[in-house]
Amino acid sequence: MNKFVDLDYVPKKEDLICEFSVEPSENLSMKEACNRIAKESSIGTWTHVEHLNKEKRDKLRARVYSIDGNTAKVAYPPELFEKTNVPGTLASIAGNIFGMKALKNLRLEDVYIPASIDNAFEGPRYGIKGIRDTFGIEERPLIGTIVKPKVGLSSEQHANIAFEAWKGGCDVVKDDENLVNQDFNKFEERLDLTLEKRKKAEEETSETKGYMPNVTAETEEMLKRAELVKEKGGRYMMIDIVTAGWSALQTLRKHGPDLRIHAHRAMHAALTKNKKHGISMLTIAKFARLIGVDQLHIGTAVGKMEGEPTDIWEIEQEVENKIVRKHEDDHVLAEDWRDIKPVFAVSSGGLHPGLVQPLMQLLGKNIIIQAGGGIHGHPDGTRAGARAMRQAIDARMKGIDVEEYAEDSEELKKALDLWGAGKTYK
């Protein structure tokens, strides 16, 4: 009996609502598969339990209120969740259900988080406006780079490359996601040397610069590294939010120092890449924003990393809430979300100056454009690569075709000669 399917149910404002793509196992109907999803993710179990009385079940059961093809929408009563516990919430709506034999594939496509839950979170300390105010950049995209090669450089080499990028026009420089505290490049030494170079670059360019050291580690060690960044005058900390985990991210936001949080999404594709199974990046982005990251990687749609243009746009731009109804806060990163500040979208992965124009056509100017090889791989080196990227953004902001602008911009011309204009990484 499908006690957890109620197609006449109208979701309440305080319900948490999930949209799933469902592929039932062979010989199982869509309705029965959805019933099992709602049962397993709320109060039900696989057999009759005497003390699961009707009153408890009716109050706490999830309800499948819509089935349309392979798309199901499930409403969860707020009493099921501890309001400030993201790991606990995800253990329900994205937990055991993925391992059930009743399902061939299951994907959590989207989640609507009611005010009763998101009001319990502080969200980003800075968000888009706070980041822009930090750098004094009101309109154009921020320009960032990742020191390359990913690992293998000494702390001194790392700092010198960062300086070259800042001198060429980058606003921010970050560690790679897998650079932490290796013997050849110790965290504290790298931090000291790179912040010294940041200060020098600021003095020579009269621009504010940012360095994003990767503090990802065991939680207590991560907090120590974050405090060290603050103590030494840093403005940012970077964390690999998926590999570190939601608990670590919540701890860093709640108990960490007053620093801007740059969120890298390394390992997300293990959850998001299969379009039939797993969890969408949209869902990950919503919980990251709720907890309080200030910047978040979203992909590029034109670079080397996985991600369709519509998927990327949906994360970065305002999107209509597919789950319940049009709502004044139906969006993810770029627009207001009740009292939760908007998050700066970071576009990164296989970018170079020739891709700035199509990228900004897709995502607009309210992004951080971050290029690694597309800056350091310039024929004349890192500083020239940063200048080329800055020139490409200037061209777009002025409404001039990038190839035309390159006629009077030597660094940009050499970048386009090497990588082309508007061509994607293969």
# chains A, B, ... in the order shown; residues from 1 in each chain; ligands from 1

$ residues_around --residues "range 133-140 of chain A" --least-positions-apart "2" --cutoff "12 Å" --atoms "only C-alpha atoms" --output "PyMOL selection string"
chain A and resi 126-131+142-143+170-172+202+206-210+235-236+259-260+356+360+364-369+390-398

$ select_by_dssp --residues "range 169-404 of chain A" --states "strand (DSSP E)" --output "CSV table (one decimal) with N, CA and C atoms, in the first residue's frame"
chain,number,residue,atom,x,y,z
A,172,VAL,N,43.1,38.1,-7.6
A,172,VAL,CA,43.2,37.0,-6.6
A,172,VAL,C,44.1,35.9,-7.1
A,173,VAL,N,44.8,35.3,-6.2
A,173,VAL,CA,45.6,34.1,-6.5
A,173,VAL,C,45.2,33.0,-5.5
A,174,LYS,N,45.1,31.8,-5.9
A,174,LYS,CA,44.7,30.7,-4.9
A,174,LYS,C,45.7,29.5,-5.1
A,210,GLY,N,44.3,39.7,-3.4
A,210,GLY,CA,43.9,38.6,-2.5
A,210,GLY,C,44.6,37.3,-2.7
A,211,TYR,N,45.0,36.6,-1.6
A,211,TYR,CA,45.6,35.3,-1.7
A,211,TYR,C,44.7,34.3,-0.9
A,212,MET,N,44.4,33.2,-1.5
A,212,MET,CA,43.5,32.2,-1.0
A,212,MET,C,44.3,30.9,-0.6
A,236,TYR,N,41.6,35.8,3.1
A,236,TYR,CA,40.8,34.7,2.6
A,236,TYR,C,41.3,33.4,3.2
A,237,MET,N,40.4,32.4,3.2
A,237,MET,CA,40.7,31.0,3.4
A,237,MET,C,40.0,30.2,2.4
A,238,MET,N,40.6,29.1,1.9
A,238,MET,CA,40.0,28.3,0.9
A,238,MET,C,39.8,26.9,1.5
A,239,ILE,N,38.7,26.3,1.2
A,239,ILE,CA,38.4,24.9,1.7
A,239,ILE,C,37.8,24.1,0.6
A,240,ASP,N,38.2,22.8,0.5
A,240,ASP,CA,37.6,21.9,-0.4
A,240,ASP,C,36.4,21.3,0.3
A,260,ARG,N,37.2,35.7,4.4
A,260,ARG,CA,36.3,35.3,3.2
A,260,ARG,C,36.5,33.9,2.9
A,261,ILE,N,35.5,33.1,2.7
A,261,ILE,CA,35.6,31.7,2.4
A,261,ILE,C,35.5,31.4,0.9
A,262,HIS,N,36.6,30.9,0.4
A,262,HIS,CA,36.6,30.5,-1.0
A,262,HIS,C,36.3,29.0,-1.1
A,263,ALA,N,35.2,28.5,-1.7
A,263,ALA,CA,34.8,27.1,-1.7
A,263,ALA,C,35.2,26.5,-3.0
A,264,HIS,N,36.1,25.5,-2.9
A,264,HIS,CA,36.4,24.6,-4.0
A,264,HIS,C,35.5,23.4,-4.0
A,278,GLY,N,22.8,10.4,-8.4
A,278,GLY,CA,23.6,11.2,-7.5
A,278,GLY,C,22.9,12.5,-7.1
A,279,ILE,N,23.6,13.5,-7.0
A,279,ILE,CA,23.1,14.8,-6.5
A,279,ILE,C,23.6,15.9,-7.4
A,295,GLN,N,32.4,32.5,-1.9
A,295,GLN,CA,32.7,32.2,-3.3
A,295,GLN,C,32.6,30.7,-3.5
A,296,LEU,N,32.1,30.3,-4.7
A,296,LEU,CA,31.9,28.9,-5.0
A,296,LEU,C,32.2,28.6,-6.4
A,297,HIS,N,33.0,27.6,-6.7
A,297,HIS,CA,33.2,27.1,-8.1
A,297,HIS,C,32.0,26.6,-8.7
A,344,PHE,N,29.5,34.8,-4.6
A,344,PHE,CA,30.2,35.1,-5.8
A,344,PHE,C,30.5,33.8,-6.6
A,345,ALA,N,30.1,33.7,-7.8
A,345,ALA,CA,30.3,32.5,-8.6
A,345,ALA,C,31.7,32.5,-9.2
A,346,VAL,N,32.4,31.4,-9.1
A,346,VAL,CA,33.8,31.3,-9.6
A,346,VAL,C,33.8,30.4,-10.8
A,347,SER,N,34.2,30.9,-11.9
A,347,SER,CA,34.3,30.1,-13.1
A,347,SER,C,35.7,29.7,-13.4
A,348,SER,N,36.0,28.4,-13.4
A,348,SER,CA,37.3,27.9,-13.5
A,348,SER,C,37.4,26.6,-14.1
A,367,ILE,N,31.0,37.6,-11.9
A,367,ILE,CA,31.6,36.3,-11.7
A,367,ILE,C,33.1,36.6,-11.4
A,368,ILE,N,33.8,35.6,-10.9
A,368,ILE,CA,35.2,35.6,-10.8
A,368,ILE,C,35.8,34.7,-11.8
A,369,ILE,N,36.5,35.2,-12.8
A,369,ILE,CA,37.1,34.4,-13.9
A,369,ILE,C,38.5,33.9,-13.4
A,370,GLN,N,38.7,32.6,-13.3
A,370,GLN,CA,39.9,32.1,-12.8
A,370,GLN,C,40.6,31.2,-13.8

$ atom_distance --atom1 "CA of Ala62 in chain A" --atom2 "CA of Ser41 in chain A"
7.5 Å

$ closest_atom_pairs --of "range 166-271 of chain A" --to "range 373-383 of chain A" --cutoff "10 Å" --atoms "only C-alpha atoms" --output "tab-separated table"
residue	atom	partner	partner_atom	distance
A:Trp166	CA	A:Arg383	CA	7.7
A:Lys167	CA	A:Arg383	CA	6.4
A:Gly168	CA	A:Arg383	CA	4.3
A:Gly169	CA	A:Arg383	CA	7.8
A:Cys170	CA	A:Arg383	CA	9.0

$ atom_distance --atom1 "CA of Val22 in chain A" --atom2 "CA of Leu7 in chain A"
16.4 Å

$ residues_around --residues "Ala248 in chain A" --least-positions-apart "4" --cutoff "9 Å" --atoms "only C-alpha atoms" --output "NGL selection string"
:A and (218-219 or 222 or 241 or 244 or 252-253)

$ residues_around --residues "Ala102 in chain A" --least-positions-apart "5" --cutoff "7 Å" --atoms "only C-alpha atoms" --output "PyMOL selection string"
chain A and resi 24-25+33

$ select_by_dssp --residues "range 225-415 of chain A" --states "helix (DSSP H, G or I)" --output "PyMOL selection string"
chain A and resi 225-231+241-244+246-255+269-272+281-291+309-316+353-363+373-376+382-398+402-408+410-415

$ write_last_selection --atoms "C-alpha atoms" --output "short mmCIF file (atom, residue, chain, number, x, y, z; two decimals), in the first residue's frame"
data_model
loop_
_atom_site.label_atom_id
_atom_site.label_comp_id
_atom_site.auth_asym_id
_atom_site.auth_seq_id
_atom_site.Cartn_x
_atom_site.Cartn_y
_atom_site.Cartn_z
CA ARG A 225 45.55 27.18 9.82
CA ALA A 226 42.66 29.57 9.37
CA GLU A 227 43.61 31.44 12.56
CA LEU A 228 47.19 31.61 11.30
CA VAL A 229 46.00 33.21 8.06
CA LYS A 230 44.08 35.84 10.03
CA GLU A 231 47.00 36.47 12.38
CA ILE A 241 34.03 21.67 0.78
CA VAL A 242 33.10 18.21 -0.54
CA THR A 243 36.21 16.36 0.60
CA ALA A 244 36.30 18.21 3.94
CA TRP A 246 29.59 19.59 5.58
CA SER A 247 30.42 19.32 9.28
CA ALA A 248 33.89 20.78 8.72
CA LEU A 249 32.48 23.59 6.61
CA GLN A 250 29.89 24.44 9.27
CA THR A 251 32.59 24.45 11.94
CA LEU A 252 34.85 26.68 9.86
CA ARG A 253 32.04 29.17 9.23
CA LYS A 254 30.80 29.19 12.82
CA HIS A 255 34.07 29.01 14.76
CA ALA A 269 31.64 15.15 -9.94
CA ALA A 270 31.58 11.83 -8.08
CA LEU A 271 28.11 12.96 -7.02
CA THR A 272 27.02 15.23 -9.88
CA MET A 281 25.54 20.73 -8.28
CA LEU A 282 22.53 22.99 -7.79
CA THR A 283 21.71 21.17 -4.56
CA ILE A 284 25.32 21.30 -3.34
CA ALA A 285 25.44 25.02 -4.12
CA LYS A 286 22.30 25.72 -2.09
CA PHE A 287 23.64 24.06 1.04
CA ALA A 288 27.06 25.71 0.60
CA ARG A 289 25.39 29.11 0.38
CA LEU A 290 23.21 28.37 3.38
CA ILE A 291 26.23 27.48 5.52
CA PRO A 309 25.66 25.77 -20.13
CA THR A 310 22.11 25.53 -18.74
CA ASP A 311 23.38 23.77 -15.60
CA ILE A 312 26.02 26.43 -14.98
CA TRP A 313 23.63 29.31 -15.67
CA GLU A 314 21.05 27.84 -13.32
CA ILE A 315 23.55 27.77 -10.47
CA GLU A 316 24.90 31.29 -11.02
CA PRO A 353 41.68 34.94 -22.70
CA GLY A 354 40.01 33.72 -25.87
CA LEU A 355 37.15 32.22 -23.83
CA VAL A 356 36.32 35.37 -21.85
CA GLN A 357 33.85 36.65 -24.43
CA PRO A 358 31.66 33.50 -24.67
CA LEU A 359 31.94 32.98 -20.91
CA MET A 360 30.67 36.48 -20.14
CA GLN A 361 27.96 36.13 -22.77
CA LEU A 362 26.74 33.10 -20.84
CA LEU A 363 27.25 34.21 -17.23
CA GLY A 373 47.21 27.27 -17.47
CA GLY A 374 45.46 30.01 -19.48
CA ILE A 375 47.61 32.55 -17.63
CA HIS A 376 50.82 30.71 -16.77
CA THR A 382 52.69 34.55 -16.09
CA ARG A 383 52.74 38.34 -15.99
CA ALA A 384 51.95 38.59 -19.68
CA GLY A 385 49.24 35.94 -19.30
CA ALA A 386 47.57 37.96 -16.55
CA ARG A 387 47.74 41.09 -18.70
CA ALA A 388 46.15 39.20 -21.59
CA MET A 389 43.30 38.07 -19.36
CA ARG A 390 42.77 41.61 -18.08
CA GLN A 391 42.78 42.90 -21.66
CA ALA A 392 40.20 40.33 -22.72
CA ILE A 393 37.89 41.40 -19.89
CA ASP A 394 38.43 45.08 -20.72
CA ALA A 395 37.46 44.33 -24.32
CA ARG A 396 34.23 42.68 -23.25
CA MET A 397 33.39 45.48 -20.80
CA LYS A 398 33.90 48.04 -23.57
CA VAL A 402 38.34 40.45 -28.51
CA GLU A 403 40.21 39.92 -31.79
CA GLU A 404 39.79 43.58 -32.69
CA TYR A 405 40.98 44.65 -29.23
CA ALA A 406 44.02 42.38 -29.60
CA GLU A 407 45.29 44.43 -32.53
CA ASP A 408 46.57 47.01 -30.02
CA GLU A 410 50.36 42.54 -27.61
CA GLU A 411 49.81 40.13 -24.73
CA LEU A 412 46.22 39.40 -25.75
CA LYS A 413 47.23 38.89 -29.37
CA LYS A 414 49.84 36.29 -28.44
CA ALA A 415 47.30 34.48 -26.24
#

$ closest_residue --among "A:Asn274, A:Ser155, A:Thr84, A:Asn185" --to "Glu122 in chain A" --atoms "only C-alpha atoms"
A:Thr84
